[in-house]
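Enquirer: Structure supplied as final.cif; contents: mmCIF, C-alpha atoms.
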```
data_query
loop_
_atom_site.group_PDB
_atom_site.id
_atom_site.type_symbol
_atom_site.label_atom_id
_atom_site.label_comp_id
_atom_site.auth_asym_id
_atom_site.auth_seq_id
_atom_site.Cartn_x
_atom_site.Cartn_y
_atom_site.Cartn_z
ATOM 1 C CA MET A 1 14.312 55.682 -36.450
ATOM 2 C CA PHE A 2 13.646 54.260 -32.998
ATOM 3 C CA GLU A 3 16.397 51.692 -32.614
ATOM 4 C CA ASN A 4 16.018 51.246 -28.883
ATOM 5 C CA VAL A 5 12.625 51.755 -27.309
ATOM 6 C CA VAL A 6 12.177 51.562 -23.559
ATOM 7 C CA VAL A 7 8.774 50.931 -22.051
ATOM 8 C CA GLY A 8 7.876 51.148 -18.396
ATOM 9 C CA ALA A 9 5.768 48.198 -17.355
ATOM 10 C CA ASP A 10 3.593 47.217 -14.451
ATOM 11 C CA ASP A 11 0.284 45.414 -14.232
ATOM 12 C CA SER A 12 -1.875 48.510 -14.744
ATOM 13 C CA THR A 13 -4.186 49.177 -17.678
ATOM 14 C CA ALA A 14 -2.193 52.280 -18.570
ATOM 15 C CA ALA A 15 1.024 50.289 -18.729
ATOM 16 C CA THR A 16 -0.604 47.697 -20.933
ATOM 17 C CA GLY A 17 -1.629 50.427 -23.333
ATOM 18 C CA ALA A 18 1.918 51.752 -23.318
ATOM 19 C CA MET A 19 3.230 48.282 -23.990
ATOM 20 C CA ARG A 20 0.965 47.867 -27.015
ATOM 21 C CA LYS A 21 2.048 51.199 -28.448
ATOM 22 C CA ALA A 22 5.700 50.440 -27.728
ATOM 23 C CA ILE A 23 5.426 47.126 -29.572
ATOM 24 C CA GLU A 24 3.780 48.894 -32.493
ATOM 25 C CA VAL A 25 6.478 51.573 -32.706
ATOM 26 C CA THR A 26 9.342 49.134 -32.263
ATOM 27 C CA LYS A 27 7.971 46.775 -34.870
ATOM 28 C CA ALA A 28 7.526 49.598 -37.369
ATOM 29 C CA SER A 29 11.069 50.804 -36.712
ATOM 30 C CA GLY A 30 12.679 47.385 -36.612
ATOM 31 C CA GLY A 31 14.304 48.189 -33.296
ATOM 32 C CA VAL A 32 14.703 46.490 -29.953
ATOM 33 C CA LEU A 33 12.123 46.848 -27.203
ATOM 34 C CA HIS A 34 13.425 47.089 -23.642
ATOM 35 C CA ILE A 35 10.776 46.309 -21.066
ATOM 36 C CA VAL A 36 11.556 47.788 -17.666
ATOM 37 C CA THR A 37 9.913 46.874 -14.412
ATOM 38 C CA ALA A 38 10.938 48.558 -11.206
ATOM 39 C CA PHE A 39 10.704 46.993 -7.824
ATOM 40 C CA LYS A 40 11.668 48.295 -4.455
ATOM 41 C CA ALA A 41 12.072 45.269 -2.274
ATOM 42 C CA ARG A 42 13.485 41.853 -2.703
ATOM 43 C CA ARG A 43 11.045 39.058 -2.206
ATOM 44 C CA PRO A 44 11.175 37.536 1.242
ATOM 45 C CA SER A 45 12.921 34.250 1.737
ATOM 46 C CA PRO A 46 10.570 31.306 1.331
ATOM 47 C CA PRO A 47 9.467 29.657 4.509
ATOM 48 C CA PRO A 48 11.163 26.392 5.482
ATOM 49 C CA LEU A 49 9.441 23.580 3.644
ATOM 50 C CA PRO A 50 9.876 19.873 3.153
ATOM 51 C CA ASP A 51 12.204 19.025 0.290
ATOM 52 C CA GLU A 52 9.411 18.062 -2.064
ATOM 53 C CA PHE A 53 8.031 21.635 -1.905
ATOM 54 C CA ARG A 54 11.182 23.704 -1.702
ATOM 55 C CA TYR A 55 11.376 24.349 -5.453
ATOM 56 C CA SER A 56 7.804 25.505 -5.679
ATOM 57 C CA PHE A 57 9.058 28.934 -4.608
ATOM 58 C CA GLY A 58 11.371 31.091 -6.640
ATOM 59 C CA SER A 59 9.734 30.919 -10.049
ATOM 60 C CA LEU A 60 6.550 32.723 -9.172
ATOM 61 C CA ASP A 61 7.933 36.119 -8.370
ATOM 62 C CA PRO A 62 5.370 38.649 -9.654
ATOM 63 C CA VAL A 63 8.097 40.666 -11.357
ATOM 64 C CA ASP A 64 9.302 37.640 -13.293
ATOM 65 C CA VAL A 65 5.781 36.614 -14.189
ATOM 66 C CA LEU A 66 4.956 40.091 -15.459
ATOM 67 C CA LEU A 67 8.113 40.339 -17.527
ATOM 68 C CA ARG A 68 7.533 36.927 -19.064
ATOM 69 C CA GLU A 69 3.988 37.857 -20.029
ATOM 70 C CA LEU A 70 5.090 41.109 -21.599
ATOM 71 C CA GLU A 71 7.996 39.451 -23.340
ATOM 72 C CA ALA A 72 5.539 36.965 -24.828
ATOM 73 C CA MET A 73 3.381 39.865 -26.075
ATOM 74 C CA ALA A 74 6.378 41.316 -27.921
ATOM 75 C CA HIS A 75 7.478 37.950 -29.287
ATOM 76 C CA ALA A 76 3.993 37.354 -30.634
ATOM 77 C CA GLU A 77 4.511 40.433 -32.814
ATOM 78 C CA SER A 78 8.000 39.293 -33.832
ATOM 79 C CA VAL A 79 9.618 42.172 -31.967
ATOM 80 C CA ARG A 80 13.106 41.781 -30.559
ATOM 81 C CA VAL A 81 12.888 42.266 -26.836
ATOM 82 C CA ALA A 82 15.015 42.527 -23.701
ATOM 83 C CA THR A 83 13.675 42.617 -20.170
ATOM 84 C CA HIS A 84 15.056 44.543 -17.230
ATOM 85 C CA ALA A 85 13.995 44.203 -13.607
ATOM 86 C CA VAL A 86 15.578 47.057 -11.714
ATOM 87 C CA LEU A 87 15.727 47.573 -7.977
ATOM 88 C CA ALA A 88 14.806 51.263 -7.943
ATOM 89 C CA GLY A 89 11.900 53.619 -8.260
ATOM 90 C CA PRO A 90 10.089 53.641 -11.614
ATOM 91 C CA VAL A 91 11.579 56.864 -12.947
ATOM 92 C CA GLU A 92 15.088 55.929 -11.901
ATOM 93 C CA ALA A 93 14.733 52.428 -13.317
ATOM 94 C CA ILE A 94 13.436 53.590 -16.679
ATOM 95 C CA THR A 95 15.976 56.384 -17.095
ATOM 96 C CA LEU A 96 18.787 54.067 -16.013
ATOM 97 C CA VAL A 97 17.923 51.505 -18.674
ATOM 98 C CA ALA A 98 17.295 54.232 -21.241
ATOM 99 C CA ASP A 99 20.776 55.623 -20.639
ATOM 100 C CA GLN A 100 22.410 52.197 -20.637
ATOM 101 C CA GLU A 101 20.738 51.145 -23.849
ATOM 102 C CA LYS A 102 21.085 54.555 -25.499
ATOM 103 C CA ALA A 103 17.349 54.650 -26.004
ATOM 104 C CA ASP A 104 15.870 57.081 -28.460
ATOM 105 C CA LEU A 105 12.329 56.699 -27.141
ATOM 106 C CA ILE A 106 10.663 55.996 -23.820
ATOM 107 C CA VAL A 107 7.001 54.961 -23.837
ATOM 108 C CA VAL A 108 5.015 55.305 -20.657
ATOM 109 C CA GLY A 109 1.379 54.941 -19.730
ATOM 110 C CA ASN A 110 -0.719 57.781 -18.473
ATOM 111 C CA LYS A 111 -2.478 56.689 -15.331
ATOM 112 C CA THR A 112 -6.241 56.735 -15.379
ATOM 113 C CA ARG A 113 -8.097 57.493 -12.233
ATOM 114 C CA HIS A 114 -11.866 57.712 -12.197
ATOM 115 C CA GLY A 115 -12.399 59.002 -15.704
ATOM 116 C CA PRO A 116 -10.196 61.979 -16.521
ATOM 117 C CA ARG A 117 -6.628 61.106 -17.274
ATOM 118 C CA HIS A 118 -4.145 62.145 -14.647
ATOM 119 C CA LEU A 119 -0.468 62.406 -15.240
ATOM 120 C CA GLY A 120 1.093 60.313 -12.554
ATOM 121 C CA SER A 121 4.476 60.864 -11.047
ATOM 122 C CA VAL A 122 6.205 58.498 -13.470
ATOM 123 C CA PRO A 123 5.502 60.315 -16.749
ATOM 124 C CA ASP A 124 5.991 63.579 -14.929
ATOM 125 C CA GLY A 125 9.400 62.454 -13.696
ATOM 126 C CA LEU A 126 10.380 61.064 -17.082
ATOM 127 C CA ILE A 127 9.537 64.280 -18.863
ATOM 128 C CA GLU A 128 11.787 66.012 -16.375
ATOM 129 C CA LYS A 129 14.719 63.599 -16.409
ATOM 130 C CA ALA A 130 14.830 61.663 -19.657
ATOM 131 C CA THR A 131 17.285 62.795 -22.289
ATOM 132 C CA CYS A 132 15.435 61.152 -25.179
ATOM 133 C CA ALA A 133 11.927 61.552 -26.549
ATOM 134 C CA VAL A 134 9.087 60.475 -24.245
ATOM 135 C CA LEU A 135 5.759 59.199 -25.522
ATOM 136 C CA VAL A 136 2.922 59.415 -23.013
ATOM 137 C CA VAL A 137 0.147 57.037 -24.031
ATOM 138 C CA MET B 1 1.195 53.780 -36.623
ATOM 139 C CA PHE B 2 1.707 57.542 -36.738
ATOM 140 C CA ARG B 3 0.077 58.849 -39.904
ATOM 141 C CA ARG B 4 -1.174 62.262 -38.804
ATOM 142 C CA ILE B 5 1.249 64.203 -36.663
ATOM 143 C CA LEU B 6 0.311 67.478 -35.071
ATOM 144 C CA VAL B 7 3.313 69.558 -34.067
ATOM 145 C CA ALA B 8 2.520 72.255 -31.567
ATOM 146 C CA LEU B 9 5.072 74.990 -31.856
ATOM 147 C CA ASP B 10 6.156 77.664 -29.517
ATOM 148 C CA GLU B 11 8.767 80.231 -30.346
ATOM 149 C CA THR B 12 11.719 78.592 -28.655
ATOM 150 C CA GLU B 13 14.441 76.104 -29.480
ATOM 151 C CA ALA B 14 12.172 73.487 -27.978
ATOM 152 C CA GLY B 15 9.810 73.994 -30.887
ATOM 153 C CA ARG B 16 12.656 73.339 -33.300
ATOM 154 C CA SER B 17 13.479 70.135 -31.510
ATOM 155 C CA ALA B 18 9.881 69.048 -31.899
ATOM 156 C CA VAL B 19 9.950 69.837 -35.608
ATOM 157 C CA ALA B 20 13.090 67.765 -36.139
ATOM 158 C CA LEU B 21 11.566 64.825 -34.294
ATOM 159 C CA ALA B 22 8.286 65.124 -36.194
ATOM 160 C CA ALA B 23 10.129 65.321 -39.492
ATOM 161 C CA ASN B 24 11.998 62.105 -38.789
ATOM 162 C CA MET B 25 8.784 60.417 -37.655
ATOM 163 C CA ALA B 26 6.980 61.576 -40.786
ATOM 164 C CA ARG B 27 9.703 60.119 -42.979
ATOM 165 C CA GLU B 28 9.749 56.875 -41.036
ATOM 166 C CA PHE B 29 6.002 56.375 -40.984
ATOM 167 C CA ASP B 30 5.033 58.206 -44.182
ATOM 168 C CA ALA B 31 2.945 60.613 -42.168
ATOM 169 C CA THR B 32 1.337 63.974 -42.810
ATOM 170 C CA VAL B 33 2.360 66.831 -40.545
ATOM 171 C CA TRP B 34 0.147 69.604 -39.320
ATOM 172 C CA LEU B 35 2.017 72.541 -37.813
ATOM 173 C CA PHE B 36 0.109 74.411 -35.185
ATOM 174 C CA GLN B 37 1.697 77.591 -34.054
ATOM 175 C CA VAL B 38 -0.233 78.893 -31.135
ATOM 176 C CA THR B 39 0.294 82.073 -29.231
ATOM 177 C CA GLU B 40 -1.326 82.991 -25.992
ATOM 178 C CA HIS B 41 -2.515 86.537 -25.831
ATOM 179 C CA ALA B 42 -4.939 88.591 -23.851
ATOM 180 C CA THR B 43 -5.749 92.250 -23.554
ATOM 181 C CA ARG B 44 -7.825 92.091 -20.427
ATOM 182 C CA ARG B 45 -7.808 95.101 -18.215
ATOM 183 C CA ALA B 46 -9.592 95.715 -14.982
ATOM 184 C CA GLY B 47 -13.144 96.777 -15.591
ATOM 185 C CA GLN B 48 -13.124 95.824 -19.251
ATOM 186 C CA SER B 49 -14.746 92.904 -20.906
ATOM 187 C CA GLU B 50 -12.421 90.372 -22.403
ATOM 188 C CA ARG B 51 -11.159 91.196 -25.829
ATOM 189 C CA PHE B 52 -8.593 89.119 -27.512
ATOM 190 C CA VAL B 53 -6.059 89.873 -30.135
ATOM 191 C CA ALA B 54 -7.344 88.133 -33.232
ATOM 192 C CA GLN B 55 -4.298 88.527 -35.385
ATOM 193 C CA PRO B 56 -2.322 85.302 -35.510
ATOM 194 C CA SER B 57 1.381 85.320 -35.197
ATOM 195 C CA GLY B 58 3.447 84.372 -38.202
ATOM 196 C CA PHE B 59 4.689 80.916 -38.862
ATOM 197 C CA ASP B 60 8.079 79.738 -37.781
ATOM 198 C CA ASP B 61 9.811 79.778 -41.146
ATOM 199 C CA HIS B 62 12.479 77.416 -39.926
ATOM 200 C CA ALA B 63 9.890 74.732 -39.179
ATOM 201 C CA VAL B 64 8.261 75.025 -42.550
ATOM 202 C CA VAL B 65 11.524 75.000 -44.468
ATOM 203 C CA GLU B 66 12.910 72.067 -42.517
ATOM 204 C CA LEU B 67 9.856 69.935 -43.171
ATOM 205 C CA GLN B 68 9.573 70.945 -46.792
ATOM 206 C CA ARG B 69 13.226 70.177 -47.419
ATOM 207 C CA ALA B 70 12.625 66.722 -46.037
ATOM 208 C CA GLY B 71 9.902 66.242 -48.635
ATOM 209 C CA ILE B 72 7.174 66.005 -46.050
ATOM 210 C CA ALA B 73 3.595 66.985 -46.735
ATOM 211 C CA VAL B 74 3.004 69.852 -44.385
ATOM 212 C CA SER B 75 0.188 72.245 -43.729
ATOM 213 C CA GLY B 76 -0.829 74.075 -40.665
ATOM 214 C CA ALA B 77 -2.502 76.831 -38.798
ATOM 215 C CA SER B 78 -1.416 79.744 -36.716
ATOM 216 C CA ARG B 79 -3.739 80.902 -34.017
ATOM 217 C CA THR B 80 -3.856 83.215 -31.093
ATOM 218 C CA VAL B 81 -5.776 81.970 -28.119
ATOM 219 C CA ARG B 82 -6.888 83.661 -24.991
ATOM 220 C CA ASP B 83 -4.659 83.700 -21.988
ATOM 221 C CA HIS B 84 -4.413 80.293 -20.256
ATOM 222 C CA HIS B 85 -6.197 78.539 -23.127
ATOM 223 C CA LEU B 86 -3.166 77.039 -24.802
ATOM 224 C CA VAL B 87 -4.036 73.538 -23.700
ATOM 225 C CA LYS B 88 -7.563 73.709 -25.049
ATOM 226 C CA GLY B 89 -6.298 75.273 -28.250
ATOM 227 C CA ILE B 90 -3.833 72.464 -28.889
ATOM 228 C CA VAL B 91 -6.198 69.673 -27.923
ATOM 229 C CA ASP B 92 -8.999 71.104 -30.050
ATOM 230 C CA GLU B 93 -6.647 71.478 -33.002
ATOM 231 C CA ALA B 94 -5.509 67.882 -32.612
ATOM 232 C CA ALA B 95 -9.134 66.751 -32.704
ATOM 233 C CA ARG B 96 -9.868 68.870 -35.792
ATOM 234 C CA PHE B 97 -6.867 67.461 -37.611
ATOM 235 C CA GLY B 98 -7.538 63.920 -36.471
ATOM 236 C CA ALA B 99 -4.035 63.629 -35.076
ATOM 237 C CA ASP B 100 -2.838 60.274 -33.869
ATOM 238 C CA VAL B 101 0.054 61.874 -32.030
ATOM 239 C CA ILE B 102 0.838 65.343 -30.696
ATOM 240 C CA VAL B 103 4.503 66.297 -30.728
ATOM 241 C CA LEU B 104 5.569 68.969 -28.293
ATOM 242 C CA GLY B 105 8.903 70.600 -27.654
ATOM 243 C CA LEU B 106 10.113 71.181 -24.143
ATOM 244 C CA GLU B 107 12.787 73.273 -22.619
ATOM 245 C CA ARG B 108 13.088 70.932 -19.727
ATOM 246 C CA LYS B 109 14.625 73.293 -17.237
ATOM 247 C CA ARG B 110 12.721 76.341 -18.213
ATOM 248 C CA ILE B 111 9.322 77.273 -16.947
ATOM 249 C CA ALA B 112 8.139 80.192 -19.000
ATOM 250 C CA HIS B 113 4.610 81.421 -19.269
ATOM 251 C CA HIS B 114 4.595 81.716 -23.034
ATOM 252 C CA SER B 115 6.458 78.568 -23.945
ATOM 253 C CA PHE B 116 5.362 74.954 -23.767
ATOM 254 C CA SER B 117 6.592 74.570 -20.254
ATOM 255 C CA LYS B 118 6.538 71.329 -18.371
ATOM 256 C CA ALA B 119 3.325 72.274 -16.653
ATOM 257 C CA LEU B 120 1.616 72.860 -19.966
ATOM 258 C CA GLN B 121 2.715 69.512 -21.344
ATOM 259 C CA GLU B 122 1.375 67.775 -18.289
ATOM 260 C CA GLN B 123 -1.956 69.477 -18.780
ATOM 261 C CA ILE B 124 -2.161 68.418 -22.411
ATOM 262 C CA ALA B 125 -1.393 64.812 -21.579
ATOM 263 C CA ARG B 126 -4.097 64.900 -18.937
ATOM 264 C CA VAL B 127 -6.928 66.065 -21.131
ATOM 265 C CA THR B 128 -6.373 64.298 -24.431
ATOM 266 C CA THR B 129 -6.598 60.673 -25.418
ATOM 267 C CA VAL B 130 -4.114 61.277 -28.220
ATOM 268 C CA PRO B 131 -0.596 60.073 -27.373
ATOM 269 C CA VAL B 132 1.716 62.959 -26.565
ATOM 270 C CA MET B 133 5.335 62.894 -27.666
ATOM 271 C CA ILE B 134 7.727 65.136 -25.811
ATOM 272 C CA ALA B 135 10.781 65.857 -27.904
ATOM 273 C CA PRO B 136 14.240 65.752 -26.391
ATOM 274 C CA THR B 137 15.944 69.060 -25.932
ATOM 275 C CA SER B 138 18.158 68.368 -28.922
ATOM 276 C CA SER B 139 16.685 66.211 -31.659
ATOM 277 C CA PRO B 140 18.935 65.083 -34.467
ATOM 278 C CA SER B 141 18.601 67.185 -37.575
ATOM 279 C CA VAL B 142 16.418 65.965 -40.381
ATOM 280 C CA SER B 143 18.207 63.676 -42.770
ATOM 281 C CA GLY B 144 17.734 63.833 -46.518
ATOM 282 C CA ALA B 145 16.581 67.007 -48.133
ATOM 283 C CA PRO B 146 14.847 66.697 -51.460
ATOM 284 C CA GLU B 147 13.880 70.113 -52.700
ATOM 285 C CA ASP B 148 10.424 69.237 -54.013
ATOM 286 C CA THR B 149 8.041 70.707 -51.507
ATOM 287 C CA LEU B 150 4.434 71.399 -50.834
ATOM 288 C CA GLU B 151 3.136 74.846 -50.184
ATOM 289 C CA LEU B 152 2.132 75.549 -46.663
ATOM 290 C CA GLN B 153 -1.522 76.442 -46.336
ATOM 291 C CA VAL B 154 -1.899 78.818 -43.454
ATOM 292 C CA GLN B 155 -5.407 79.020 -42.128
#
```
Would you mind writing the file's structure down as structure tokens?
Expert:
Amino acid sequence: MFENVVVGADDSTAATGAMRKAIEVTKASGGVLHIVTAFKARRPSPPPLPDEFRYSFGSLDPVDVLLRELEAMAHAESVRVATHAVLAGPVEAITLVADQEKADLIVVGNKTRHGPRHLGSVPDGLIEKATCAVLVV
Amino acid sequence: MFRRILVALDETEAGRSAVALAANMAREFDATVWLFQVTEHATRRAGQSERFVAQPSGFDDHAVVELQRAGIAVSGASRTVRDHHLVKGIVDEAARFGADVIVLGLERKRIAHHSFSKALQEQIARVTTVPVMIAPTSSPSVSGAPEDTLELQVQ
């Protein structure tokens, strides 16, 4: 039923919950999970370093690290996965990938702030803009 | 996965979209569906104590027929709640049913007081720990239509 599932990811607890649910749904449907992380600025150029240290930069970008961790979570459940790092705001990034991949479901976390759950701007924006079903977890 | 799906219906096309999505989910995950048709109503007048219309509205026949044709176990309730208590009504019903997902329809560009408008969906997602599924404006129709059905038990 859900052939292409898109999940918005960051390092928050809410996003982790969304990721778990997205893996569960994708696995049950036998679909492909598209993990989307949005970022707004390119990482700064590494400072000039001696040659022996120059390659220590470039593989530790937080976006890459996050995507690799989440990809590993999906692989551990034998879920087919694709990762997308998009230079845009979260809503734009998620809807862009959802459109490109013809997603039939977007899963997004519901931000928690001090107890009661608050709907952050991302799920709010997705409900407004997405053309497929949206699952707020 | 999703085994107990509560579908909150309004009286718009958005409700139909939610039913189609829930029907496909129920088939996929072998789930039970609980239809909850809720209508907001109040008869408050200045100087009077609150008195609410107790008579529930009728079920959306289309929703029932569509689910039954898909061979999905369906039951449900139809309730009238006091003005501005739609959110509480839906969340309470989800708790009573033990829903593991609430499916809502949404007319995305329409903000209407008596439909599940965007604002209402936001409120539901804020106050419940149950995942909330917002159906697209046009869900695919339900596939497969065995005629053996279960009777709807309206409470």
Enquirer: When the cut-off is 8 Å and we count only C-alpha atoms, which residues of chain B are near chain A, given as a list in words?
Expert: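 Taking only C-alpha atoms into account, Met1, Asn24, Met25, Glu28, Phe29, Arg108, Lys109, Lys118, Glu122, Ala125, Arg126, Val127, Thr128, Thr129, Val130, Pro131, Val132, Met133, Ile134, Ala135, Pro136 and Thr137 of chain B sit within 8 Å of chain A.
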Enquirer: Using the chain letters and residue numbers of this document, give as a ChimeraX atom specification the residues selected by the PyMOL selection byres ((chain A and resi 68) around 12).
Expert: /A:9-10,35-37,59-67,69-75,81-85
Enquirer: For Val79 (chain A), which of A:Asp11, A:Gly125, A:Leu33, A:Met19 is the closest residue, counting all atoms listed in the file?
Expert: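 Using all atoms listed in the file, the shortest distance to Val79 (chain A) belongs to A:Leu33.
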Enquirer: Could you work out how far CA of Thr39 (chain B) lies from CA of Arg79 (chain B), giving the answer in Å with one decimal?
Expert: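 According to the coordinates, CA of Arg79 (chain B) and CA of Thr39 (chain B) are separated by 6.4 Å.
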Enquirer: For CA of Leu104 (chain B) and CA of Val7 (chain A), quote the distance in Å rounded to one decimal.
Expert: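 Separating CA of Leu104 (chain B) from CA of Val7 (chain A) is a distance of 19.4 Å.
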Enquirer: Quick one, how far is CA of Val91 (chain B) from CA of Gly105 (chain B)?
Expert: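 Atom-to-atom, CA of Val91 (chain B) and CA of Gly105 (chain B) are spaced 15.1 Å apart.
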Enquirer: Care to translate the PyMOL selection byres ((chain B and resi 3) around 9) into actual residues of this file, as a PyMOL selection string?
Expert: chain B and resi 1-2+4-5+26+29-33+99-101
Enquirer: Counting all atoms listed in the file, which residues sit no farther than 8 Å from the position (-0.3, 70.4, -30.0) in the file's frame? I'd like them as an MDAnalysis selection string.
Expert: chainID B and resid 6:9 36 87 89:91 93:94 102:104
Enquirer: Since we have the selection now, will you write its residues out, keeping C-alpha atoms, as a PDB file, in the coordinates of the input?
Expert:
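As a result, part08.pdb now contains:
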```pdb
ATOM      1  CA  LEU B   6       0.311  67.478 -35.071  1.00  0.00           C
ATOM      2  CA  VAL B   7       3.313  69.558 -34.067  1.00  0.00           C
ATOM      3  CA  ALA B   8       2.520  72.255 -31.567  1.00  0.00           C
ATOM      4  CA  LEU B   9       5.072  74.990 -31.856  1.00  0.00           C
ATOM      5  CA  PHE B  36       0.109  74.411 -35.185  1.00  0.00           C
ATOM      6  CA  VAL B  87      -4.036  73.538 -23.700  1.00  0.00           C
ATOM      7  CA  GLY B  89      -6.298  75.273 -28.250  1.00  0.00           C
ATOM      8  CA  ILE B  90      -3.833  72.464 -28.889  1.00  0.00           C
ATOM      9  CA  VAL B  91      -6.198  69.673 -27.923  1.00  0.00           C
ATOM     10  CA  GLU B  93      -6.647  71.478 -33.002  1.00  0.00           C
ATOM     11  CA  ALA B  94      -5.509  67.882 -32.612  1.00  0.00           C
ATOM     12  CA  ILE B 102       0.838  65.343 -30.696  1.00  0.00           C
ATOM     13  CA  VAL B 103       4.503  66.297 -30.728  1.00  0.00           C
ATOM     14  CA  LEU B 104       5.569  68.969 -28.293  1.00  0.00           C
TER      15      LEU B 104
END
```
Enquirer: Could you state which residues are captured by the PyMOL selection byres ((chain A and resi 88) around 8) in this file, as a PDB file with C-alpha atoms, in the frame of the given file?
Expert:
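Contents of out-v9.pdb, freshly written:
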```
ATOM      1  CA  ALA A  38      10.938  48.558 -11.206  1.00  0.00           C
ATOM      2  CA  PHE A  39      10.704  46.993  -7.824  1.00  0.00           C
ATOM      3  CA  LYS A  40      11.668  48.295  -4.455  1.00  0.00           C
ATOM      4  CA  VAL A  86      15.578  47.057 -11.714  1.00  0.00           C
ATOM      5  CA  LEU A  87      15.727  47.573  -7.977  1.00  0.00           C
ATOM      6  CA  GLY A  89      11.900  53.619  -8.260  1.00  0.00           C
ATOM      7  CA  PRO A  90      10.089  53.641 -11.614  1.00  0.00           C
ATOM      8  CA  GLU A  92      15.088  55.929 -11.901  1.00  0.00           C
ATOM      9  CA  ALA A  93      14.733  52.428 -13.317  1.00  0.00           C
TER      10      ALA A  93
END
```
